[in-house]
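Shown here: protein26.txt, compact mmCIF, C-alpha atoms.
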```txt
# COMPACT_ATOMS: atom_id res chain seq x y z
CA MET A 279 13.40 8.54 7.40
CA GLN A 280 13.25 11.85 9.19
CA ARG A 281 10.70 12.38 11.94
CA GLN A 282 8.16 15.17 11.61
CA THR A 283 8.69 17.66 14.42
CA HIS A 284 5.91 20.16 13.84
CA SER A 285 2.22 19.40 14.23
CA ASP A 286 -0.78 21.28 12.94
CA PRO A 287 -1.34 24.21 15.37
CA GLN A 288 -5.12 23.71 15.38
CA THR A 289 -4.76 20.03 16.27
CA VAL A 290 -2.35 20.96 19.07
CA LEU A 291 -4.98 23.37 20.45
CA ASP A 292 -7.76 20.77 20.07
CA VAL A 293 -5.77 18.17 22.03
CA LEU A 294 -4.81 20.75 24.64
CA GLN A 295 -8.51 21.53 25.12
CA GLN A 296 -9.22 17.81 25.51
CA PHE A 297 -6.65 17.63 28.33
CA ARG A 298 -8.21 20.71 29.93
CA LEU A 299 -11.63 19.07 29.77
CA ILE A 300 -10.31 15.87 31.36
CA TYR A 301 -8.47 17.80 34.09
CA GLY A 302 -11.39 20.11 34.88
CA SER A 303 -13.88 17.25 34.97
CA MET A 304 -11.66 15.29 37.37
CA ARG A 305 -11.27 18.31 39.64
CA ARG A 306 -15.02 18.83 39.77
CA HIS A 307 -15.69 15.14 40.47
CA PHE A 308 -13.13 14.87 43.28
CA ARG A 309 -14.32 18.15 44.83
CA ARG A 310 -17.85 16.75 44.87
CA VAL A 311 -16.62 13.50 46.46
CA GLU A 312 -14.89 15.45 49.20
CA GLU A 313 -17.93 17.68 49.81
CA LEU A 314 -20.29 14.68 50.09
CA CYS A 315 -18.04 12.28 51.98
CA GLY A 316 -15.78 14.57 54.01
CA ILE A 317 -12.61 12.80 52.87
CA SER A 318 -10.51 12.82 49.70
CA GLY A 319 -11.38 10.88 46.57
CA SER A 320 -8.38 8.58 46.99
CA GLN A 321 -9.44 7.78 50.57
CA VAL A 322 -12.97 7.01 49.34
CA TRP A 323 -11.55 4.72 46.64
CA LEU A 324 -9.42 2.93 49.26
CA ILE A 325 -12.47 2.42 51.49
CA GLN A 326 -14.39 1.00 48.55
CA GLU A 327 -11.56 -1.42 47.78
CA VAL A 328 -11.58 -2.63 51.40
CA CYS A 329 -15.36 -3.07 51.17
CA HIS A 330 -14.96 -5.27 48.07
CA SER A 331 -12.23 -7.37 49.73
CA PRO A 332 -12.52 -7.41 53.52
CA GLY A 333 -9.21 -8.46 55.07
CA VAL A 334 -7.15 -7.16 52.15
CA GLY A 335 -3.56 -6.26 52.97
CA ILE A 336 -1.78 -3.01 52.23
CA SER A 337 0.46 -4.50 49.51
CA GLU A 338 -2.51 -5.88 47.58
CA LEU A 339 -4.41 -2.62 48.05
CA ALA A 340 -1.49 -0.60 46.69
CA LEU A 341 -1.32 -2.85 43.62
CA ARG A 342 -5.05 -2.51 42.95
CA MET A 343 -4.89 1.27 43.21
CA GLY A 344 -1.65 1.60 41.24
CA ILE A 345 0.06 3.55 44.02
CA HIS A 346 3.28 3.09 45.97
CA GLN A 347 3.01 0.87 49.03
CA SER A 348 4.27 3.62 51.36
CA THR A 349 1.61 6.00 50.01
CA CYS A 350 -1.03 3.35 50.61
CA SER A 351 0.26 2.67 54.11
CA LEU A 352 0.06 6.38 55.01
CA MET A 353 -3.50 6.59 53.67
CA VAL A 354 -4.51 3.48 55.62
CA ASP A 355 -2.95 4.77 58.85
CA LYS A 356 -4.85 8.04 58.48
CA LEU A 357 -8.15 6.24 57.84
CA VAL A 358 -7.54 3.92 60.81
CA SER A 359 -6.76 6.87 63.12
CA GLN A 360 -9.94 8.63 61.94
CA GLY A 361 -12.06 5.53 62.60
CA TYR A 362 -12.96 4.56 59.01
CA LEU A 363 -10.94 1.32 58.99
CA SER A 364 -9.52 -1.17 61.44
CA LYS A 365 -6.56 -3.53 61.20
CA HIS A 366 -6.86 -7.16 62.26
CA ARG A 367 -4.24 -9.91 62.31
CA ARG A 368 -5.01 -12.56 59.72
CA GLU A 369 -6.04 -15.99 60.98
CA ALA A 370 -3.74 -17.89 58.61
CA ASP A 371 -0.68 -15.70 59.18
CA HIS A 372 -0.58 -13.56 62.31
CA ARG A 373 2.32 -11.55 60.92
CA ARG A 374 0.05 -10.09 58.23
CA VAL A 375 -2.62 -7.49 58.83
CA GLY A 376 -5.97 -7.35 57.04
CA LEU A 377 -8.13 -4.26 56.73
CA HIS A 378 -11.82 -4.02 57.56
CA LEU A 379 -14.42 -1.25 57.44
CA ASN A 380 -15.74 0.29 60.61
CA ASP A 381 -19.24 1.82 60.78
CA LYS A 382 -17.82 5.20 59.83
CA GLY A 383 -16.29 3.65 56.68
CA GLU A 384 -19.56 1.99 55.78
CA ASN A 385 -21.33 5.36 56.14
CA VAL A 386 -18.94 6.80 53.53
CA LEU A 387 -19.98 4.10 51.07
CA ALA A 388 -23.57 5.34 51.25
CA CYS A 389 -22.62 8.84 50.09
CA ILE A 390 -20.08 8.08 47.34
CA PRO A 391 -20.89 9.66 44.00
CA LYS A 392 -20.08 7.01 41.44
CA PRO A 393 -17.58 6.05 40.18
CA ALA A 394 -15.57 5.84 43.41
CA ALA A 395 -12.30 5.14 41.61
CA GLY A 396 -12.77 8.39 39.71
CA ILE A 397 -14.24 9.36 36.40
CA LEU A 398 -11.00 8.97 34.46
CA ALA A 399 -10.31 5.42 35.69
CA ASP A 400 -13.93 4.55 34.94
CA ALA A 401 -13.80 6.05 31.45
CA LEU A 402 -10.54 4.23 30.68
CA SER A 403 -11.95 0.90 31.86
CA ASN A 404 -14.93 1.38 29.53
CA LEU A 405 -12.77 1.84 26.41
CA PRO A 406 -12.43 -1.06 23.97
CA GLY A 407 -9.09 -2.84 24.43
CA VAL A 408 -7.61 -1.71 21.12
CA VAL A 409 -8.52 1.93 21.81
CA LEU A 410 -6.99 1.76 25.29
CA LYS A 411 -3.79 0.18 23.94
CA THR A 412 -3.54 2.85 21.21
CA LEU A 413 -4.07 5.60 23.77
CA HIS A 414 -1.35 4.05 25.95
CA ILE A 415 1.13 4.01 23.04
CA ASN A 416 0.32 7.60 22.11
CA LEU A 417 0.57 8.86 25.69
CA GLU A 418 3.96 7.12 26.02
CA GLU A 419 5.13 9.10 22.99
CA LEU A 420 3.75 12.31 24.48
CA LEU A 421 5.57 11.60 27.76
CA ARG A 422 8.85 11.02 25.89
CA ASN A 423 8.51 14.57 24.59
CA LEU A 424 7.41 16.16 27.88
CA PRO A 425 10.16 18.26 29.43
CA GLY A 426 10.31 18.31 33.22
CA LYS A 427 8.31 15.09 33.60
CA GLU A 428 8.44 13.78 37.17
CA ASP A 429 8.03 10.01 37.46
CA LYS A 430 6.91 10.25 41.11
CA TYR A 431 3.47 11.36 39.92
CA ALA A 432 2.84 8.00 38.24
CA SER A 433 2.20 6.36 41.63
CA MET A 434 0.27 9.22 43.24
CA PRO A 435 -3.55 9.11 43.24
CA LEU A 436 -5.08 11.76 40.97
CA ALA A 437 -7.39 12.95 43.75
CA ASP A 438 -4.35 13.66 45.94
CA MET A 439 -2.59 15.57 43.14
CA LEU A 440 -5.63 17.75 42.55
CA ARG A 441 -6.14 18.29 46.28
CA GLU A 442 -2.46 19.19 46.78
CA GLU A 443 -2.72 21.74 43.97
CA GLU A 444 -5.85 23.35 45.41
CA GLN A 445 -4.32 23.55 48.89
CA GLY A 446 -1.26 25.21 47.37
CA ARG A 447 -3.44 27.86 45.70
CA LYS A 448 -5.29 28.57 48.97
CA SER A 449 -2.03 29.23 50.81
CA GLU A 450 -0.81 31.76 48.21
```

Same coordinates, now as structure tokens:
Amino acid sequence: MQRQTHSDPQTVLDVLQQFRLIYGSMRRHFRRVEELCGISGSQVWLIQEVCHSPGVGISELALRMGIHQSTCSLMVDKLVSQGYLSKHRREADHRRVGLHLNDKGENVLACIPKPAAGILADALSNLPGVVLKTLHINLEELLRNLPGKEDKYASMPLADMLREEEQGRKSE
């Protein structure tokens, strides 16, 4: 059985517009988060995760956010140095460090436009399981056909990608 290689041009344009709508909506949301909170959307999400689980470690935090542990560690260090978070040795195991909110971090929580994890993560979590699984399968197929795909982006927070892009445009 031979695979069809050409799709209906109108459907291609319709799907392209759907991606544009998703991308533009995410950009607007994360820009609003940064304007209201003074820090990036991914930093706000990290603060919210620490709020939900005081004492959480960096490894667990990275897993929850779906980002690389080194990325998470850099974000945490920045938030600690800016006074949003503090690190404390855990009672049970003094080799491990737990994260806690400082007053400045708690103040951020008061200004977060919901959802803190981002509108795309929220929308995906609200999909019925079968729809989400179907979307996953179809996006995997799309990615197999995407030239120039860079796997490093899979573990980078969307807010950081969008912010990086906007900073790049400002410097041009």

Using only C-alpha atoms, the best pick from A:Pro425, A:Gly376, A:Gly383, A:Pro393 as closest to Val334 in chain A would be A:Gly376

When you look at His366 in chain A with a cut-off of 8 Å (counting only C-alpha atoms), what residues show up, excluding the ones that are within fewer than 5 positions of it in the same chain? I need them as a PyMOL selection string.
chain A and resi 333+375-378

Which residue out of A:His346, A:Arg373, A:His414, A:Lys356 has the minimum interatomic distance to Ile317 in chain A when all atoms listed in the file are used?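 Among the listed residues, the smallest separation from Ile317 in chain A belongs to A:Lys356.
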
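Every protein, DNA or RNA residue with an atom at most 7 Å from range 429-439 of chain A, where all atoms listed in the file count and chain neighbours fewer than 2 positions away do not, is listed here: Phe308, Ser318, Gly319, Ser320, Gly344, Ile345, His346, Lys427, Arg441, Glu442 and Glu443 of chain A.
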
Point to revise | Selected residue, from A:Leu291, A:Leu341, A:Leu405, A:Val386, that lies nearest to Leu357 in chain A when counting all atoms listed in the file | key: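 Counting all atoms listed in the file, the residue closest to Leu357 in chain A is A:Val386.
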
- Query: So what do you get for CA of Gln360 in chain A versus CA of Leu379 in chain A, distance-wise?
  - Reply: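 Computing it gives 11.7 Å between the two atoms.
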
Show me that you can extract range 407-435 of chain A, keeping N, CA and C atoms, and write it as a short mmCIF file (atom, residue, chain, number, x, y, z; two decimals), in the first residue's frame.
```cif
data_model
loop_
_atom_site.label_atom_id
_atom_site.label_comp_id
_atom_site.auth_asym_id
_atom_site.auth_seq_id
_atom_site.Cartn_x
_atom_site.Cartn_y
_atom_site.Cartn_z
N GLY A 407 -9.38 12.10 27.23
CA GLY A 407 -8.22 11.24 27.04
C GLY A 407 -8.03 10.75 25.62
N VAL A 408 -9.11 10.30 24.99
CA VAL A 408 -8.99 9.76 23.63
C VAL A 408 -8.60 10.86 22.64
N VAL A 409 -9.10 12.06 22.84
CA VAL A 409 -8.75 13.18 21.95
C VAL A 409 -7.27 13.54 22.12
N LEU A 410 -6.82 13.57 23.37
CA LEU A 410 -5.43 13.89 23.65
C LEU A 410 -4.50 12.83 23.04
N LYS A 411 -4.85 11.57 23.20
CA LYS A 411 -4.04 10.49 22.64
C LYS A 411 -4.00 10.58 21.12
N THR A 412 -5.12 10.86 20.48
CA THR A 412 -5.18 11.01 19.03
C THR A 412 -4.33 12.19 18.57
N LEU A 413 -4.42 13.29 19.29
CA LEU A 413 -3.60 14.46 18.97
C LEU A 413 -2.12 14.11 19.08
N HIS A 414 -1.75 13.40 20.14
CA HIS A 414 -0.36 12.97 20.34
C HIS A 414 0.13 12.14 19.15
N ILE A 415 -0.65 11.18 18.72
CA ILE A 415 -0.28 10.32 17.59
C ILE A 415 -0.11 11.15 16.32
N ASN A 416 -1.05 12.07 16.09
CA ASN A 416 -0.99 12.88 14.88
C ASN A 416 0.18 13.87 14.91
N LEU A 417 0.47 14.43 16.07
CA LEU A 417 1.62 15.34 16.16
C LEU A 417 2.93 14.58 16.00
N GLU A 418 3.00 13.34 16.47
CA GLU A 418 4.19 12.51 16.25
C GLU A 418 4.42 12.32 14.75
N GLU A 419 3.36 12.08 14.02
CA GLU A 419 3.47 11.92 12.56
C GLU A 419 3.93 13.22 11.91
N LEU A 420 3.37 14.34 12.36
CA LEU A 420 3.79 15.64 11.85
C LEU A 420 5.29 15.85 12.10
N LEU A 421 5.73 15.54 13.32
CA LEU A 421 7.14 15.72 13.67
C LEU A 421 8.06 14.83 12.85
N ARG A 422 7.61 13.63 12.50
CA ARG A 422 8.41 12.76 11.64
C ARG A 422 8.64 13.39 10.27
N ASN A 423 7.73 14.24 9.85
CA ASN A 423 7.83 14.89 8.54
C ASN A 423 8.38 16.31 8.60
N LEU A 424 8.79 16.75 9.77
CA LEU A 424 9.26 18.13 9.95
C LEU A 424 10.77 18.22 9.75
N PRO A 425 11.20 18.83 8.64
CA PRO A 425 12.64 18.97 8.43
C PRO A 425 13.23 19.99 9.40
N GLY A 426 14.45 19.74 9.84
CA GLY A 426 15.12 20.69 10.71
C GLY A 426 14.65 20.68 12.15
N LYS A 427 13.90 19.68 12.53
CA LYS A 427 13.38 19.57 13.90
C LYS A 427 14.56 19.48 14.87
N GLU A 428 14.49 20.26 15.96
CA GLU A 428 15.53 20.23 16.98
C GLU A 428 14.94 19.70 18.28
N ASP A 429 15.41 18.53 18.69
CA ASP A 429 14.87 17.85 19.88
C ASP A 429 15.07 18.64 21.16
N LYS A 430 16.05 19.54 21.20
CA LYS A 430 16.32 20.30 22.43
C LYS A 430 15.10 21.12 22.86
N TYR A 431 14.26 21.49 21.92
CA TYR A 431 13.09 22.31 22.26
C TYR A 431 12.04 21.54 23.05
N ALA A 432 12.08 20.22 23.01
CA ALA A 432 11.08 19.42 23.73
C ALA A 432 11.16 19.64 25.23
N SER A 433 12.34 19.97 25.75
CA SER A 433 12.48 20.15 27.21
C SER A 433 12.70 21.60 27.59
N MET A 434 12.29 22.52 26.73
CA MET A 434 12.41 23.95 27.02
C MET A 434 11.01 24.52 27.25
N PRO A 435 10.79 25.25 28.33
CA PRO A 435 9.46 25.82 28.56
C PRO A 435 9.03 26.74 27.41
#
```
